[in-house]
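*Asks:* One structure coming up, written as structure tokens, with questions to follow.
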Amino acid sequence: MSTTDSDADGSSRELLNATNVKKHFPLDEGLFDRLFGDSQVVRAVDGVDLTVHAGETVGIVGESGSGKSTLGRTVSRLYEPTDGSITFDGEHIETHSGRELRPIRRRVQYVFQDPMSALNPRKTVGESVARPLTVHDIADGAAKWDRVADLFEEVGLARSQLDSYPHELSGGQRQRVGLCRALVTEPDLVVFDEPVSALDVTLQAQILNLIDRLQRAFDLSYLLISHDLNVVRQVCDRIAVMYAGEIVERGTVADIFGNPQHPYTRALLDAIPQVGGGRRSGRTSLGGEPPSATTPPSGCRFHPRCPEFIDGSCSGRKPALQAVEGDAGHEAACHWLDRSEAERVTHTPPSRAEREVIQESSGD
Ligand SMILES: Nc1ncnc2c1ncn2[C@@H]1O[C@H](COP(=O)(O)OP(=O)(O)OP(=O)(O)O)[C@@H](O)[C@H]1O
């Protein structure tokens, strides 16, 4: 969680800024569509604004297919954006390519869910971790190996494991190697894509604690992608909730968990599994399927599944992200926020106090 790195005016330095970022993939279409121009795209990310300040951890949550990984890969420039602006440490990088991207590759690292995908099975893990030092002309010879060995110790691996091959290590050890590989270039920003979802609960806690400690030790900023709200709650400062390629709510951990405004956020929270079985409240179940990323619903993309659907408004007009009264920095995109006090009284989403009562009475 947050360390400090402030501008002269005392505000935290903006490390990554994405504005109206879109990433559309061409659909694998038939010859007829290609010839006659009826082409469609997969709108994986569809107009997202996102900021990561120096030293903070921002979480992206949402169901499978909501566009989290595509957003992470686009803002870290593993993918070329279809549209929008991306700045890293003040420099526009949205159209960078080849040589221009090299320093970005060094300063922004991406940790994949499956560390095996980033490790060469025919090379020792020491060699894989050391490779970026050669690629980026950072260190060579004894200095290179000293640096890699120090990192291994920092993440709780033995020096002797430098000579292991990926298949000889456990899932937790491989994830630690993945962290070494990300940290070896001394990045400023690390993007974690589901960093613990392949691990059992005990190992998850160990790796999340390690990720937290490394942030302070190496002065890092994090973007953490997870479908698991418990994970983002443990390590994030701010959270953005994604649905069908868009951010529908964002705020601090306290905002999202204590005063969720978007019905989708509330449904995700209520679906969190509890220790001993069951869900958080069982009140709002997330029925239906996520929408097509090719032809998303009109208006609010969540409206076909929304338990608080207002006829007409929700299907007719896309709600913009707007400030939640009383919570600085907390924003949600829901038409209920536009309604007058009188209308809210007759049909209001449950308040924080009501939610607590519902949860208590359901025995959580
Ligand atoms: N390379 C690609 N080509 C075409 N469509 C893609 C590609 N990558 C992702 N998509 C589509 O974009 C949408 C968003 O996928 P994405 O993987 O970003 O979601 P996600 O929230 O990270 O889900 P998950 O956790 O399952 O990976 C999905 O409809 C997916 O099928």
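Chain labels run A, B, ... following the order of the structure tokens; each chain numbers its residues from 1, and ligands are numbered from 1 in the order shown.
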Run DSSP on the backbone and give me the residues of stretch 187-309 of chain A it puts in helix (DSSP H, G or I), as a VMD selection string.

*Replies:* chain A and resid 201 to 218 229 to 235 253 to 258 263 to 270 303 to 305

*Asks:* Quick one: which chain A residues come within 9 Å of ligand 1, and what is the nearest atom pair for each with the distance in Å to one decimal, counting only C-alpha atoms and all ligand atoms, rows ordered by chain and ascending number, as a Markdown table?

*Replies:*
```
| residue | atom | partner | partner_atom_place_in_ligand_line | distance |
| --- | --- | --- | --- | --- |
| A:Lys23 | CA | ligand 1 | 12 (O) | 8.6 |
| A:His24 | CA | ligand 1 | 5 (N) | 7.8 |
| A:Phe25 | CA | ligand 1 | 4 (C) | 4.9 |
| A:Pro26 | CA | ligand 1 | 4 (C) | 6.6 |
| A:Leu27 | CA | ligand 1 | 4 (C) | 6.6 |
| A:Asp28 | CA | ligand 1 | 4 (C) | 8.1 |
| A:Val41 | CA | ligand 1 | 4 (C) | 8.3 |
| A:Val42 | CA | ligand 1 | 5 (N) | 5.7 |
| A:Arg43 | CA | ligand 1 | 12 (O) | 6.6 |
| A:Ala44 | CA | ligand 1 | 12 (O) | 3.9 |
| A:Val45 | CA | ligand 1 | 14 (C) | 7.1 |
| A:Ile60 | CA | ligand 1 | 21 (O) | 8.9 |
| A:Val61 | CA | ligand 1 | 21 (O) | 7.8 |
| A:Gly62 | CA | ligand 1 | 21 (O) | 6.2 |
| A:Glu63 | CA | ligand 1 | 21 (O) | 5.9 |
| A:Ser64 | CA | ligand 1 | 26 (O) | 3.6 |
| A:Gly65 | CA | ligand 1 | 19 (O) | 3.4 |
| A:Ser66 | CA | ligand 1 | 21 (O) | 3.8 |
| A:Gly67 | CA | ligand 1 | 18 (O) | 3.3 |
| A:Lys68 | CA | ligand 1 | 21 (O) | 3.9 |
| A:Ser69 | CA | ligand 1 | 22 (O) | 3.7 |
| A:Thr70 | CA | ligand 1 | 18 (O) | 3.7 |
| A:Leu71 | CA | ligand 1 | 18 (O) | 6.4 |
| A:Gly72 | CA | ligand 1 | 18 (O) | 8.1 |
| A:Arg73 | CA | ligand 1 | 18 (O) | 8.4 |
| A:Asp193 | CA | ligand 1 | 22 (O) | 8.1 |
| A:Glu194 | CA | ligand 1 | 25 (O) | 7.7 |
| A:Ile225 | CA | ligand 1 | 22 (O) | 7.8 |
| A:Ser226 | CA | ligand 1 | 25 (O) | 7.3 |
| A:His227 | CA | ligand 1 | 25 (O) | 6.5 |
| A:Met242 | CA | ligand 1 | 21 (O) | 7.8 |
| A:Tyr243 | CA | ligand 1 | 21 (O) | 8.3 |
| A:Ala244 | CA | ligand 1 | 14 (C) | 7.6 |
| A:Gly245 | CA | ligand 1 | 14 (C) | 7.0 |
| A:Pro291 | CA | ligand 1 | 29 (O) | 8.8 |
| A:Ser292 | CA | ligand 1 | 29 (O) | 7.0 |
| A:Ala293 | CA | ligand 1 | 29 (O) | 5.1 |
| A:Thr294 | CA | ligand 1 | 29 (O) | 7.8 |
```

*Asks:* Residues near stretch 48-53 of chain A, anyone? I mean within 7 Å using only C-alpha atoms, not counting same-chain ones fewer than 3 positions away, as a PyMOL selection string.

*Replies:* chain A and resi 12-22+45+56+58+246-247

*Asks:* Could you dump the residues just selected with C-alpha atoms as a CSV table (one decimal), in the first residue's frame?

*Replies:*
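Done, and the output landed in part.csv:
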```csv
chain,number,residue,atom,x,y,z
A,12,SER,CA,1.2,12.5,-5.1
A,13,ARG,CA,3.1,12.3,-8.4
A,14,GLU,CA,1.0,10.9,-11.3
A,15,LEU,CA,3.0,8.0,-12.7
A,16,LEU,CA,0.5,6.5,-15.2
A,17,ASN,CA,-2.4,8.2,-16.7
A,18,ALA,CA,-4.8,6.7,-19.2
A,19,THR,CA,-7.5,8.9,-20.8
A,20,ASN,CA,-10.4,7.5,-22.8
A,21,VAL,CA,-8.4,4.4,-23.7
A,22,LYS,CA,-9.9,1.9,-26.0
A,45,VAL,CA,-11.7,-1.9,-23.3
A,56,GLU,CA,0.1,3.5,-4.7
A,58,VAL,CA,-4.6,0.5,-7.8
A,246,GLU,CA,-15.9,0.2,-18.9
A,247,ILE,CA,-15.1,1.4,-15.4
```

*Asks:* May I have the residues within 7 Å of A:Leu321 as a ChimeraX atom specification, using only C-alpha atoms and disregarding those fewer than 5 positions away in the same chain?

*Replies:* /A:248,331-333

*Asks:* Suppose you want the space between atom CA of A:Ala271 and atom CA of A:Leu286; what is it in Å?

*Replies:*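 Spanning atom CA of A:Ala271 to atom CA of A:Leu286 is a straight-line distance of 7.6 Å.
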